[in-house]
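As provided, data_23.pdb (PDB, C-alpha atoms) reads as follows.
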ATOM      1  CA  THR A 228     -79.554  -7.061 -56.022
ATOM      2  CA  GLN A 229     -76.222  -7.605 -54.344
ATOM      3  CA  LEU A 230     -75.537  -5.329 -51.408
ATOM      4  CA  LEU A 231     -72.372  -3.401 -50.753
ATOM      5  CA  GLU A 232     -71.358  -3.159 -47.131
ATOM      6  CA  GLN A 233     -69.118  -0.317 -46.094
ATOM      7  CA  SER A 234     -67.190   0.010 -42.883
ATOM      8  CA  PRO A 235     -66.772   1.903 -40.755
ATOM      9  CA  GLN A 236     -69.926   3.999 -41.007
ATOM     10  CA  PHE A 237     -68.365   6.948 -39.200
ATOM     11  CA  LEU A 238     -64.781   7.981 -38.725
ATOM     12  CA  SER A 239     -63.491  11.010 -36.855
ATOM     13  CA  ILE A 240     -59.739  11.521 -36.904
ATOM     14  CA  GLN A 241     -57.105  14.193 -36.448
ATOM     15  CA  GLU A 242     -55.337  15.850 -39.321
ATOM     16  CA  GLY A 243     -52.285  13.862 -40.356
ATOM     17  CA  GLU A 244     -53.641  10.447 -39.434
ATOM     18  CA  ASN A 245     -54.092   7.600 -41.893
ATOM     19  CA  LEU A 246     -57.346   5.738 -42.422
ATOM     20  CA  THR A 247     -58.848   2.907 -44.422
ATOM     21  CA  VAL A 248     -62.440   2.463 -45.559
ATOM     22  CA  TYR A 249     -63.715  -0.914 -46.677
ATOM     23  CA  CYS A 250     -66.368  -1.996 -49.155
ATOM     24  CA  ASN A 251     -67.420  -5.642 -49.190
ATOM     25  CA  SER A 252     -69.853  -7.800 -51.078
ATOM     26  CA  SER A 253     -70.678 -11.492 -51.180
ATOM     27  CA  SER A 254     -70.793 -11.303 -54.968
ATOM     28  CA  VAL A 255     -68.163 -10.827 -57.615
ATOM     29  CA  PHE A 256     -68.473  -7.663 -59.640
ATOM     30  CA  SER A 257     -66.725  -6.613 -62.813
ATOM     31  CA  SER A 258     -65.929  -3.123 -61.609
ATOM     32  CA  LEU A 259     -66.361  -0.901 -58.591
ATOM     33  CA  GLN A 260     -66.458   2.836 -58.220
ATOM     34  CA  TRP A 261     -65.643   5.147 -55.336
ATOM     35  CA  TYR A 262     -67.428   8.451 -54.934
ATOM     36  CA  ARG A 263     -66.989  11.338 -52.564
ATOM     37  CA  GLN A 264     -69.881  13.549 -51.534
ATOM     38  CA  GLU A 265     -69.558  16.863 -49.739
ATOM     39  CA  PRO A 266     -72.461  18.402 -47.814
ATOM     40  CA  GLY A 267     -75.016  19.994 -50.112
ATOM     41  CA  GLU A 268     -73.500  18.503 -53.241
ATOM     42  CA  GLY A 269     -73.891  15.429 -55.357
ATOM     43  CA  PRO A 270     -71.485  12.486 -55.329
ATOM     44  CA  VAL A 271     -68.380  12.920 -57.453
ATOM     45  CA  LEU A 272     -66.575   9.969 -58.981
ATOM     46  CA  LEU A 273     -63.063   9.440 -57.611
ATOM     47  CA  VAL A 274     -62.010   6.234 -59.323
ATOM     48  CA  THR A 275     -63.164   3.080 -61.079
ATOM     49  CA  VAL A 276     -61.341  -0.195 -60.415
ATOM     50  CA  VAL A 277     -61.778  -3.031 -62.834
ATOM     51  CA  THR A 278     -59.078  -5.685 -62.461
ATOM     52  CA  GLY A 279     -58.738  -7.981 -59.457
ATOM     53  CA  GLY A 280     -55.763  -6.883 -57.371
ATOM     54  CA  GLU A 281     -55.679  -3.486 -59.057
ATOM     55  CA  VAL A 282     -54.276  -0.563 -57.111
ATOM     56  CA  LYS A 283     -54.937   3.011 -58.150
ATOM     57  CA  LYS A 284     -53.547   6.136 -56.559
ATOM     58  CA  LEU A 285     -55.038   9.591 -56.552
ATOM     59  CA  LYS A 286     -52.647  11.879 -54.649
ATOM     60  CA  ARG A 287     -52.980  10.759 -51.018
ATOM     61  CA  LEU A 288     -55.792   8.307 -51.787
ATOM     62  CA  THR A 289     -55.032   4.686 -52.627
ATOM     63  CA  PHE A 290     -57.770   2.430 -53.962
ATOM     64  CA  GLN A 291     -57.471  -1.332 -54.092
ATOM     65  CA  PHE A 292     -59.693  -3.941 -55.709
ATOM     66  CA  GLY A 293     -59.580  -7.350 -54.067
ATOM     67  CA  ASP A 294     -58.100 -10.266 -55.966
ATOM     68  CA  ALA A 295     -61.477 -12.008 -55.981
ATOM     69  CA  ARG A 296     -63.241  -8.789 -57.020
ATOM     70  CA  LYS A 297     -65.596  -8.998 -54.048
ATOM     71  CA  ASP A 298     -64.108  -6.223 -51.967
ATOM     72  CA  SER A 299     -62.327  -2.925 -52.217
ATOM     73  CA  SER A 300     -60.595  -0.480 -49.925
ATOM     74  CA  LEU A 301     -59.794   3.193 -49.870
ATOM     75  CA  HIS A 302     -56.756   4.304 -47.897
ATOM     76  CA  ILE A 303     -56.061   7.950 -47.159
ATOM     77  CA  THR A 304     -52.588   8.949 -46.050
ATOM     78  CA  ALA A 305     -52.049  11.992 -43.859
ATOM     79  CA  ALA A 306     -55.678  13.040 -43.897
ATOM     80  CA  GLN A 307     -56.495  16.722 -44.176
ATOM     81  CA  PRO A 308     -59.645  18.659 -43.183
ATOM     82  CA  GLY A 309     -60.437  18.978 -46.876
ATOM     83  CA  ASP A 310     -60.880  15.196 -47.025
ATOM     84  CA  THR A 311     -63.966  15.504 -44.826
ATOM     85  CA  GLY A 312     -67.027  14.105 -46.522
ATOM     86  CA  LEU A 313     -69.078  11.020 -47.305
ATOM     87  CA  TYR A 314     -67.252   8.266 -49.161
ATOM     88  CA  LEU A 315     -69.387   5.857 -51.139
ATOM     89  CA  CYS A 316     -68.563   2.723 -53.014
ATOM     90  CA  ALA A 317     -70.842   1.724 -55.856
ATOM     91  CA  ARG A 318     -71.253  -0.935 -58.487
ATOM     92  CA  TYR A 319     -73.208  -0.926 -61.689
ATOM     93  CA  HIS A 320     -76.041  -3.382 -62.075
ATOM     94  CA  GLY A 321     -77.670  -3.845 -65.433
ATOM     95  CA  SER A 322     -77.161  -4.495 -69.093
ATOM     96  CA  SER A 323     -76.874  -2.469 -72.235
ATOM     97  CA  ASN A 324     -78.291   0.996 -71.599
ATOM     98  CA  THR A 325     -80.432  -0.323 -68.781
ATOM     99  CA  GLY A 326     -79.297  -0.230 -65.210
ATOM    100  CA  LYS A 327     -78.329   1.613 -62.112
ATOM    101  CA  LEU A 328     -75.538   2.322 -59.690
ATOM    102  CA  ILE A 329     -75.978   0.543 -56.399
ATOM    103  CA  PHE A 330     -74.335   2.346 -53.513
ATOM    104  CA  GLY A 331     -73.030   1.246 -50.176
ATOM    105  CA  GLN A 332     -74.327   3.057 -47.118
ATOM    106  CA  GLY A 333     -71.254   5.247 -47.072
ATOM    107  CA  THR A 334     -68.538   6.204 -44.642
ATOM    108  CA  THR A 335     -68.761   9.650 -43.101
ATOM    109  CA  LEU A 336     -65.270  10.975 -42.531
ATOM    110  CA  GLN A 337     -64.494  13.943 -40.334
ATOM    111  CA  VAL A 338     -60.925  15.201 -40.228
ATOM    112  CA  LYS A 339     -60.274  17.649 -37.426
ATOM    113  CA  PRO A 340     -57.554  20.268 -37.770
TER     114      PRO A 340
ATOM    115  CA  ASP B 130     -69.721  21.708 -61.859
ATOM    116  CA  SER B 131     -70.878  18.314 -63.137
ATOM    117  CA  GLY B 132     -72.946  19.790 -65.947
ATOM    118  CA  VAL B 133     -76.142  18.276 -64.554
ATOM    119  CA  THR B 134     -78.611  20.979 -63.540
ATOM    120  CA  GLN B 135     -81.399  20.449 -61.070
ATOM    121  CA  THR B 136     -84.177  22.820 -60.069
ATOM    122  CA  PRO B 137     -85.358  23.850 -57.615
ATOM    123  CA  LYS B 138     -82.466  23.537 -55.164
ATOM    124  CA  HIS B 139     -84.734  23.814 -52.144
ATOM    125  CA  LEU B 140     -88.445  23.225 -51.771
ATOM    126  CA  ILE B 141     -90.714  23.305 -48.751
ATOM    127  CA  THR B 142     -94.235  22.052 -49.152
ATOM    128  CA  ALA B 143     -97.098  20.679 -47.102
ATOM    129  CA  THR B 144     -98.267  17.121 -46.757
ATOM    130  CA  GLY B 145    -100.667  16.038 -49.460
ATOM    131  CA  GLN B 146     -99.206  18.395 -52.034
ATOM    132  CA  ARG B 147     -97.540  17.612 -55.346
ATOM    133  CA  VAL B 148     -94.171  18.843 -56.582
ATOM    134  CA  THR B 149     -92.135  18.506 -59.750
ATOM    135  CA  LEU B 150     -88.361  18.317 -59.765
ATOM    136  CA  ARG B 151     -86.567  19.102 -62.981
ATOM    137  CA  CYS B 152     -83.274  17.861 -64.345
ATOM    138  CA  SER B 153     -81.207  18.929 -67.326
ATOM    139  CA  PRO B 154     -78.558  16.298 -68.084
ATOM    140  CA  ARG B 155     -75.091  17.014 -69.376
ATOM    141  CA  SER B 156     -75.003  17.898 -73.027
ATOM    142  CA  GLY B 157     -74.977  14.712 -75.062
ATOM    143  CA  ASP B 158     -75.941  12.392 -72.211
ATOM    144  CA  LEU B 159     -78.786  10.081 -73.123
ATOM    145  CA  SER B 160     -79.260   8.299 -69.810
ATOM    146  CA  VAL B 161     -80.852   9.957 -66.796
ATOM    147  CA  TYR B 162     -81.136   8.518 -63.312
ATOM    148  CA  TRP B 163     -83.064   9.661 -60.244
ATOM    149  CA  TYR B 164     -81.943   8.898 -56.712
ATOM    150  CA  GLN B 165     -83.346   9.671 -53.281
ATOM    151  CA  GLN B 166     -81.002  10.267 -50.358
ATOM    152  CA  SER B 167     -82.167  10.310 -46.771
ATOM    153  CA  LEU B 168     -80.196   9.960 -43.551
ATOM    154  CA  ASP B 169     -81.496   6.516 -42.708
ATOM    155  CA  GLN B 170     -81.688   5.037 -46.219
ATOM    156  CA  GLY B 171     -78.605   6.295 -47.972
ATOM    157  CA  LEU B 172     -78.657   6.771 -51.749
ATOM    158  CA  GLN B 173     -81.578   4.834 -53.174
ATOM    159  CA  PHE B 174     -82.119   4.357 -56.892
ATOM    160  CA  LEU B 175     -85.546   5.380 -58.119
ATOM    161  CA  ILE B 176     -85.671   5.177 -61.895
ATOM    162  CA  GLN B 177     -83.567   5.325 -65.066
ATOM    163  CA  TYR B 178     -84.373   6.595 -68.545
ATOM    164  CA  TYR B 179     -82.443   6.179 -71.747
ATOM    165  CA  ASN B 180     -83.209   8.377 -74.734
ATOM    166  CA  GLY B 181     -86.755   9.021 -73.586
ATOM    167  CA  GLU B 182     -87.574   5.457 -72.611
ATOM    168  CA  GLU B 183     -87.945   4.117 -69.087
ATOM    169  CA  ARG B 184     -85.357   1.370 -68.665
ATOM    170  CA  ALA B 185     -84.885   0.498 -65.021
ATOM    171  CA  LYS B 186     -86.975   0.941 -61.923
ATOM    172  CA  GLY B 187     -85.988   0.799 -58.287
ATOM    173  CA  ASN B 188     -88.073   1.148 -55.172
ATOM    174  CA  ILE B 189     -90.031   4.065 -56.534
ATOM    175  CA  LEU B 190     -93.359   4.646 -54.834
ATOM    176  CA  GLU B 191     -96.550   4.613 -56.878
ATOM    177  CA  ARG B 192     -97.087   8.233 -55.793
ATOM    178  CA  PHE B 193     -93.921   9.126 -57.686
ATOM    179  CA  SER B 194     -93.562   9.253 -61.444
ATOM    180  CA  ALA B 195     -90.990  10.487 -63.885
ATOM    181  CA  GLN B 196     -90.432  11.045 -67.555
ATOM    182  CA  GLN B 197     -87.716  12.016 -69.968
ATOM    183  CA  PHE B 198     -88.667  14.408 -72.720
ATOM    184  CA  PRO B 199     -87.479  14.515 -76.369
ATOM    185  CA  ASP B 200     -84.936  17.209 -75.466
ATOM    186  CA  LEU B 201     -83.623  14.700 -72.864
ATOM    187  CA  HIS B 202     -84.468  16.735 -69.789
ATOM    188  CA  SER B 203     -86.313  14.824 -67.113
ATOM    189  CA  GLU B 204     -88.890  15.520 -64.450
ATOM    190  CA  LEU B 205     -89.682  13.665 -61.258
ATOM    191  CA  ASN B 206     -93.210  14.154 -59.994
ATOM    192  CA  LEU B 207     -93.958  13.505 -56.343
ATOM    193  CA  SER B 208     -97.597  13.529 -55.274
ATOM    194  CA  SER B 209     -99.637  13.087 -52.089
ATOM    195  CA  LEU B 210     -96.514  14.023 -50.228
ATOM    196  CA  GLU B 211     -95.844  12.609 -46.797
ATOM    197  CA  LEU B 212     -93.413  13.717 -44.110
ATOM    198  CA  GLY B 213     -91.229  10.726 -44.913
ATOM    199  CA  ASP B 214     -90.700  11.962 -48.452
ATOM    200  CA  SER B 215     -88.457  14.709 -47.099
ATOM    201  CA  ALA B 216     -85.079  13.973 -48.625
ATOM    202  CA  LEU B 217     -82.450  15.075 -51.089
ATOM    203  CA  TYR B 218     -83.336  14.043 -54.629
ATOM    204  CA  PHE B 219     -80.522  13.650 -57.109
ATOM    205  CA  CYS B 220     -80.568  13.489 -60.830
ATOM    206  CA  ALA B 221     -77.610  11.980 -62.626
ATOM    207  CA  SER B 222     -76.717  11.467 -66.245
ATOM    208  CA  SER B 223     -74.331   9.532 -68.431
ATOM    209  CA  VAL B 224     -73.649   9.199 -72.128
ATOM    210  CA  TRP B 225     -74.780   5.598 -72.084
ATOM    211  CA  ALA B 226     -75.640   3.147 -69.336
ATOM    212  CA  GLY B 227     -73.269   0.322 -68.599
ATOM    213  CA  ASP B 228     -70.610  -1.059 -66.345
ATOM    214  CA  GLY B 229     -67.633   1.205 -65.905
ATOM    215  CA  ASN B 230     -69.416   4.206 -67.330
ATOM    216  CA  THR B 231     -69.050   7.534 -65.545
ATOM    217  CA  ILE B 232     -72.260   8.866 -64.079
ATOM    218  CA  TYR B 233     -72.417  12.544 -63.203
ATOM    219  CA  PHE B 234     -74.641  13.812 -60.411
ATOM    220  CA  GLY B 235     -76.368  17.125 -60.032
ATOM    221  CA  GLU B 236     -76.319  19.073 -56.793
ATOM    222  CA  GLY B 237     -79.709  17.783 -55.765
ATOM    223  CA  SER B 238     -83.075  19.178 -54.817
ATOM    224  CA  TRP B 239     -83.765  19.426 -51.109
ATOM    225  CA  LEU B 240     -87.405  18.607 -50.431
ATOM    226  CA  THR B 241     -88.883  19.312 -47.034
ATOM    227  CA  VAL B 242     -92.449  18.218 -46.395
ATOM    228  CA  VAL B 243     -94.082  19.879 -43.385
TER     229      VAL B 243
END
Show how you would write the structure in this file as C-alpha coordinates.
Amino acid sequence: TQLLEQSPQFLSIQEGENLTVYCNSSSVFSSLQWYRQEPGEGPVLLVTVVTGGEVKKLKRLTFQFGDARKDSSLHITAAQPGDTGLYLCARYHGSSNTGKLIFGQGTTLQVKP
Amino acid sequence: DSGVTQTPKHLITATGQRVTLRCSPRSGDLSVYWYQQSLDQGLQFLIQYYNGEERAKGNILERFSAQQFPDLHSELNLSSLELGDSALYFCASSVWAGDGNTIYFGEGSWLTVV
(Lines of atoms letter the chains of each structure in order from A and count residues from 1; the text may use other names and numbers.)
(Lines give C-alpha, C1' and ligand atoms only; values in the text may rest on other atoms or scores of the structure.)
Protein backbone atom coordinates (compact mmCIF):
# COMPACT_ATOMS: atom_id res chain seq x y z
CA THR A 1 0.00 0.00 0.00
CA GLN A 2 1.49 3.28 -1.10
CA LEU A 3 1.97 5.81 1.66
CA LEU A 4 1.01 9.45 1.56
CA GLU A 5 3.39 11.79 3.30
CA GLN A 6 2.09 15.12 4.48
CA SER A 7 4.10 18.11 5.55
CA PRO A 8 4.27 19.97 7.74
CA GLN A 9 2.70 17.95 10.54
CA PHE A 10 1.88 21.03 12.59
CA LEU A 11 1.41 24.63 11.62
CA SER A 12 0.58 27.54 13.90
CA ILE A 13 0.10 30.89 12.21
CA GLN A 14 -1.52 34.27 12.73
CA GLU A 15 -4.77 35.27 11.13
CA GLY A 16 -4.19 36.74 7.69
CA GLU A 17 -1.10 34.71 6.85
CA ASN A 18 -0.84 32.36 3.89
CA LEU A 19 0.17 28.72 4.15
CA THR A 20 0.76 25.65 2.03
CA VAL A 21 0.35 22.00 2.98
CA TYR A 22 1.96 19.27 0.92
CA CYS A 23 1.01 15.67 0.20
CA ASN A 24 3.57 13.45 -1.51
CA SER A 25 3.80 9.88 -2.66
CA SER A 26 6.34 7.80 -4.56
CA SER A 27 3.51 6.32 -6.60
CA VAL A 28 1.23 7.71 -9.25
CA PHE A 29 -2.43 7.81 -8.33
CA SER A 30 -5.47 8.45 -10.47
CA SER A 31 -7.08 10.85 -8.04
CA LEU A 32 -6.47 12.44 -4.67
CA GLN A 33 -8.83 13.85 -2.11
CA TRP A 34 -8.42 16.49 0.58
CA TYR A 35 -10.40 16.32 3.78
CA ARG A 36 -10.75 18.65 6.72
CA GLN A 37 -11.50 17.38 10.21
CA GLU A 38 -12.55 19.54 13.13
CA PRO A 39 -12.19 18.37 16.73
CA GLY A 40 -14.88 15.89 17.71
CA GLU A 41 -16.10 15.44 14.16
CA GLY A 42 -15.44 13.18 11.23
CA PRO A 43 -13.42 14.18 8.17
CA VAL A 44 -15.31 16.15 5.55
CA LEU A 45 -14.37 16.03 1.89
CA LEU A 46 -13.11 19.35 0.52
CA VAL A 47 -12.11 18.43 -3.01
CA THR A 48 -11.12 15.64 -5.37
CA VAL A 49 -8.39 16.26 -7.95
CA VAL A 50 -8.11 13.94 -10.89
CA THR A 51 -6.05 15.42 -13.72
CA GLY A 52 -2.31 16.03 -13.55
CA GLY A 53 -1.67 19.76 -13.22
CA GLU A 54 -5.25 20.41 -12.16
CA VAL A 55 -5.95 23.40 -9.96
CA LYS A 56 -9.18 23.73 -8.03
CA LYS A 57 -10.28 26.65 -5.91
CA LEU A 58 -12.66 26.63 -2.99
CA LYS A 59 -12.97 30.22 -1.73
CA ARG A 60 -9.59 30.93 -0.11
CA LEU A 61 -8.35 27.36 -0.59
CA THR A 62 -6.42 26.38 -3.71
CA PHE A 63 -5.72 22.73 -4.43
CA GLN A 64 -3.18 21.57 -6.98
CA PHE A 65 -2.45 18.12 -8.36
CA GLY A 66 1.11 17.62 -9.55
CA ASP A 67 1.76 17.09 -13.24
CA ALA A 68 3.06 13.59 -12.54
CA ARG A 69 0.10 12.85 -10.24
CA LYS A 70 2.42 11.92 -7.39
CA ASP A 71 1.92 14.99 -5.24
CA SER A 72 -0.61 17.59 -4.30
CA SER A 73 -0.74 20.83 -2.36
CA LEU A 74 -3.30 22.85 -0.50
CA HIS A 75 -2.74 26.60 -0.26
CA ILE A 76 -4.79 28.79 2.05
CA THR A 77 -4.79 32.52 1.49
CA ALA A 78 -5.37 34.92 4.36
CA ALA A 79 -6.05 32.20 6.89
CA GLN A 80 -8.81 32.73 9.42
CA PRO A 81 -9.38 31.13 12.86
CA GLY A 82 -12.22 29.16 11.30
CA ASP A 83 -9.66 27.36 9.12
CA THR A 84 -8.24 25.69 12.23
CA GLY A 85 -8.39 21.94 11.99
CA LEU A 86 -6.73 18.78 10.71
CA TYR A 87 -6.17 18.62 6.97
CA LEU A 88 -5.83 15.18 5.45
CA CYS A 89 -4.99 14.03 1.99
CA ALA A 90 -6.26 10.64 0.91
CA ARG A 91 -6.26 8.32 -2.06
CA TYR A 92 -8.50 5.43 -2.90
CA HIS A 93 -6.98 1.98 -3.14
CA GLY A 94 -9.01 -0.86 -4.54
CA SER A 95 -11.17 -2.07 -7.36
CA SER A 96 -14.84 -2.30 -8.11
CA ASN A 97 -16.78 -2.01 -4.86
CA THR A 98 -13.79 -3.22 -2.89
CA GLY A 99 -11.34 -0.85 -1.33
CA LYS A 100 -10.45 1.83 1.11
CA LEU A 101 -9.29 5.39 1.50
CA ILE A 102 -5.69 5.64 2.57
CA PHE A 103 -4.94 8.79 4.51
CA GLY A 104 -1.82 10.79 5.10
CA GLN A 105 -0.88 11.52 8.69
CA GLY A 106 -2.46 14.94 8.45
CA THR A 107 -1.47 18.52 9.03
CA THR A 108 -2.78 20.17 12.17
CA LEU A 109 -3.39 23.83 11.48
CA GLN A 110 -3.93 26.41 14.19
CA VAL A 111 -4.82 29.94 13.14
CA LYS A 112 -4.56 32.45 15.95
CA PRO A 113 -6.71 35.57 15.92
CA ASP B 1 -24.58 16.49 9.07
CA SER B 2 -23.08 13.79 6.85
CA GLY B 3 -26.07 11.49 7.19
CA VAL B 4 -23.93 8.76 8.77
CA THR B 5 -25.05 8.03 12.32
CA GLN B 6 -22.85 6.42 14.92
CA THR B 7 -23.73 5.30 18.42
CA PRO B 8 -22.68 5.61 21.12
CA LYS B 9 -20.78 8.90 20.84
CA HIS B 10 -18.77 8.23 23.98
CA LEU B 11 -18.00 5.01 25.79
CA ILE B 12 -15.85 4.27 28.81
CA THR B 13 -15.17 0.68 29.66
CA ALA B 14 -12.68 -1.46 31.53
CA THR B 15 -9.90 -3.61 30.16
CA GLY B 16 -11.01 -7.08 29.17
CA GLN B 17 -14.53 -5.98 28.34
CA ARG B 18 -16.38 -6.12 25.04
CA VAL B 19 -18.21 -3.29 23.29
CA THR B 20 -20.28 -2.90 20.15
CA LEU B 21 -20.25 0.24 18.04
CA ARG B 22 -23.14 0.81 15.69
CA CYS B 23 -23.32 2.63 12.39
CA SER B 24 -26.24 3.63 10.21
CA PRO B 25 -25.00 4.64 6.75
CA ARG B 26 -26.51 7.34 4.60
CA SER B 27 -29.73 6.33 2.96
CA GLY B 28 -28.95 4.42 -0.21
CA ASP B 29 -25.27 3.86 0.55
CA LEU B 30 -24.22 0.26 0.09
CA SER B 31 -20.60 0.49 1.19
CA VAL B 32 -19.58 0.89 4.82
CA TYR B 33 -16.08 1.47 6.13
CA TRP B 34 -14.65 1.43 9.65
CA TYR B 35 -11.63 3.46 10.66
CA GLN B 36 -9.69 3.87 13.89
CA GLN B 37 -8.08 7.20 14.74
CA SER B 38 -5.53 7.61 17.48
CA LEU B 39 -3.04 10.39 18.12
CA ASP B 40 0.01 8.37 17.18
CA GLN B 41 -1.45 6.32 14.32
CA GLY B 42 -3.66 8.72 12.43
CA LEU B 43 -6.68 7.40 10.54
CA GLN B 44 -6.27 3.67 10.05
CA PHE B 45 -8.57 1.61 7.86
CA LEU B 46 -10.07 -1.41 9.57
CA ILE B 47 -12.62 -3.04 7.30
CA GLN B 48 -15.03 -2.42 4.42
CA TYR B 49 -18.38 -3.98 3.58
CA TYR B 50 -20.42 -3.72 0.43
CA ASN B 51 -24.07 -4.73 0.43
CA GLY B 52 -23.61 -7.07 3.37
CA GLU B 53 -20.40 -8.68 2.18
CA GLU B 54 -16.94 -8.12 3.62
CA ARG B 55 -14.78 -6.75 0.82
CA ALA B 56 -11.58 -5.26 2.17
CA LYS B 57 -9.63 -5.69 5.36
CA GLY B 58 -6.97 -3.50 6.89
CA ASN B 59 -4.94 -3.95 10.03
CA ILE B 60 -7.91 -5.08 12.06
CA LEU B 61 -7.03 -7.05 15.17
CA GLU B 62 -8.38 -10.56 15.63
CA ARG B 63 -10.14 -9.29 18.77
CA PHE B 64 -12.19 -7.00 16.54
CA SER B 65 -14.96 -8.10 14.22
CA ALA B 66 -17.63 -6.41 12.19
CA GLN B 67 -20.65 -7.14 10.09
CA GLN B 68 -23.12 -5.41 7.84
CA PHE B 69 -26.73 -6.42 8.19
CA PRO B 70 -29.43 -6.77 5.49
CA ASP B 71 -30.74 -3.29 6.34
CA LEU B 72 -27.16 -2.08 5.63
CA HIS B 73 -26.38 -0.88 9.13
CA SER B 74 -23.09 -2.11 10.50
CA GLU B 75 -21.61 -3.02 13.85
CA LEU B 76 -18.02 -3.14 15.00
CA ASN B 77 -17.38 -5.47 17.90
CA LEU B 78 -14.30 -4.94 20.04
CA SER B 79 -13.47 -7.61 22.60
CA SER B 80 -10.84 -8.28 25.27
CA LEU B 81 -10.25 -4.57 25.30
CA GLU B 82 -6.83 -3.19 26.09
CA LEU B 83 -5.75 0.31 27.07
CA GLY B 84 -4.28 0.77 23.61
CA ASP B 85 -7.68 0.31 22.01
CA SER B 86 -8.70 3.72 23.31
CA ALA B 87 -9.35 5.74 20.18
CA LEU B 88 -11.94 7.43 18.03
CA TYR B 89 -13.72 4.94 15.78
CA PHE B 90 -15.28 6.23 12.60
CA CYS B 91 -17.81 4.71 10.34
CA ALA B 92 -18.11 5.98 6.80
CA SER B 93 -20.35 5.16 3.89
CA SER B 94 -20.61 5.65 0.16
CA VAL B 95 -23.02 4.69 -2.57
CA TRP B 96 -20.44 2.45 -4.16
CA ALA B 97 -16.74 1.89 -3.60
CA GLY B 98 -14.29 3.17 -6.16
CA ASP B 99 -11.78 5.79 -7.08
CA GLY B 100 -13.13 9.31 -7.00
CA ASN B 101 -16.21 8.33 -5.06
CA THR B 102 -17.28 10.53 -2.15
CA ILE B 103 -17.09 8.85 1.22
CA TYR B 104 -19.04 10.38 4.07
CA PHE B 105 -17.89 10.02 7.66
CA GLY B 106 -19.90 9.89 10.83
CA GLU B 107 -18.96 11.88 13.91
CA GLY B 108 -17.24 8.93 15.50
CA SER B 109 -17.46 6.94 18.69
CA TRP B 110 -14.98 7.87 21.38
CA LEU B 111 -13.83 4.74 23.19
CA THR B 112 -11.87 5.05 26.40
CA VAL B 113 -10.56 1.87 27.98
CA VAL B 114 -9.54 2.24 31.63
Open item on the list: Expand the PyMOL selection byres ((chain B and resi 241) around 10) into the explicit residue set it covers here, and present it as a VMD selection string.
Closed with: chain B and resid 139 to 144 210 to 217 238 to 240 242 to 243
Need the shell around Glu265 of chain A: protein/DNA/RNA residues with any atom at most 8 Å away, counting all atoms listed in the file. Skip same-chain ones fewer than 3 positions apart. Format as an mmCIF file with C-alpha atoms, keeping the file's coordinate frame?
data_model
loop_
_atom_site.group_PDB
_atom_site.id
_atom_site.type_symbol
_atom_site.label_atom_id
_atom_site.label_comp_id
_atom_site.auth_asym_id
_atom_site.auth_seq_id
_atom_site.Cartn_x
_atom_site.Cartn_y
_atom_site.Cartn_z
ATOM 1 C CA GLU A 268 -73.500 18.503 -53.241
ATOM 2 C CA GLY A 269 -73.891 15.429 -55.357
ATOM 3 C CA PRO A 270 -71.485 12.486 -55.329
ATOM 4 C CA THR A 311 -63.966 15.504 -44.826
ATOM 5 C CA GLY A 312 -67.027 14.105 -46.522
ATOM 6 C CA LEU A 313 -69.078 11.020 -47.305
#
Using only C-alpha atoms, which residues of chain B come within 9 Å of chain A, and what is the closest atom pair for each, with the distance in Å to one decimal? Give it as a Markdown table, sorted by chain and residue number.
| residue | atom | partner | partner_atom | distance |
| --- | --- | --- | --- | --- |
| B:Ser131 | CA | A:Val271 | CA | 8.2 |
| B:Ser160 | CA | A:Asn324 | CA | 7.6 |
| B:Tyr162 | CA | A:Lys327 | CA | 7.5 |
| B:Gln170 | CA | A:Gln332 | CA | 7.7 |
| B:Gly171 | CA | A:Gln332 | CA | 5.4 |
| B:Leu172 | CA | A:Phe330 | CA | 6.4 |
| B:Gln173 | CA | A:Phe330 | CA | 7.7 |
| B:Phe174 | CA | A:Lys327 | CA | 7.0 |
| B:Ile176 | CA | A:Lys327 | CA | 8.2 |
| B:Gln177 | CA | A:Gly326 | CA | 7.0 |
| B:Tyr178 | CA | A:Thr325 | CA | 8.0 |
| B:Tyr179 | CA | A:Asn324 | CA | 6.6 |
| B:Glu183 | CA | A:Thr325 | CA | 8.7 |
| B:Arg184 | CA | A:Thr325 | CA | 5.2 |
| B:Ala185 | CA | A:Gly326 | CA | 5.6 |
| B:Lys186 | CA | A:Gly326 | CA | 8.4 |
| B:Gly187 | CA | A:Lys327 | CA | 8.6 |
| B:Leu217 | CA | A:Gly267 | CA | 9.0 |
| B:Phe219 | CA | A:Gly269 | CA | 7.1 |
| B:Cys220 | CA | A:Gly269 | CA | 8.8 |
| B:Ala221 | CA | A:Gly269 | CA | 8.9 |
| B:Trp225 | CA | A:Asn324 | CA | 5.8 |
| B:Ala226 | CA | A:Asn324 | CA | 4.1 |
| B:Gly227 | CA | A:Ser323 | CA | 5.8 |
| B:Asp228 | CA | A:Tyr319 | CA | 5.3 |
| B:Gly229 | CA | A:Ser258 | CA | 6.3 |
| B:Asn230 | CA | A:Tyr319 | CA | 8.5 |
| B:Thr231 | CA | A:Leu272 | CA | 7.4 |
| B:Ile232 | CA | A:Leu272 | CA | 7.7 |
| B:Tyr233 | CA | A:Val271 | CA | 7.0 |
| B:Phe234 | CA | A:Gly269 | CA | 5.4 |
| B:Gly235 | CA | A:Gly269 | CA | 5.6 |
| B:Glu236 | CA | A:Glu268 | CA | 4.6 |
| B:Gly237 | CA | A:Gly269 | CA | 6.3 |
| B:Trp239 | CA | A:Gly267 | CA | 8.8 |
TODO: Show which residues sit within 8 Å of Thr247 of chain A, as a PyMOL selection string. Count all atoms listed in the file, and ignore same-chain residues fewer than 4 positions away.
DONE: chain A and resi 300-303
Export of prior selection with C-alpha atoms as a PDB file, in the frame of the given file:
ATOM      1  CA  SER A 300     -60.595  -0.480 -49.925  1.00  0.00           C
ATOM      2  CA  LEU A 301     -59.794   3.193 -49.870  1.00  0.00           C
ATOM      3  CA  HIS A 302     -56.756   4.304 -47.897  1.00  0.00           C
ATOM      4  CA  ILE A 303     -56.061   7.950 -47.159  1.00  0.00           C
TER       5      ILE A 303
END
Open item on the list: If I take atom CA of Phe198 of chain B and atom CA of Asp158 of chain B, how far is one from the other in Å, to one decimal?
Closed with: 12.9 Å
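Distances from B:Ser223, B:Ser153, B:Asn188, B:Ser167 to Asp200 of chain B were compared using only C-alpha atoms, and the smallest one belongs to B:Ser153.
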Open item on the list: For this structure, which residues satisfy the selection - the PyMOL selection byres ((chain A and resi 304) around 12) - when it is evaluated on the file as given? I want them as a PyMOL selection string.
Closed with: chain A and resi 240-248+284-290+301-303+305-307+310+338
Task: Thr334 of chain A surroundings by only C-alpha atoms, 6 Å radius, close-in-sequence under 2 positions cut, as a PyMOL selection string - done: chain A and resi 236-237+313-314
TODO: Provide the atom CA of Gly279 of chain A to atom CA of Ser254 of chain A distance in Å, to one decimal place.
DONE: 13.3 Å
Task: Point-to-point distance from atom CA of Tyr262 of chain A to atom CA of Gln135 of chain B, Å rounded to tenths - done: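 Atom-to-atom, atom CA of Tyr262 of chain A and atom CA of Gln135 of chain B are spaced 19.4 Å apart.
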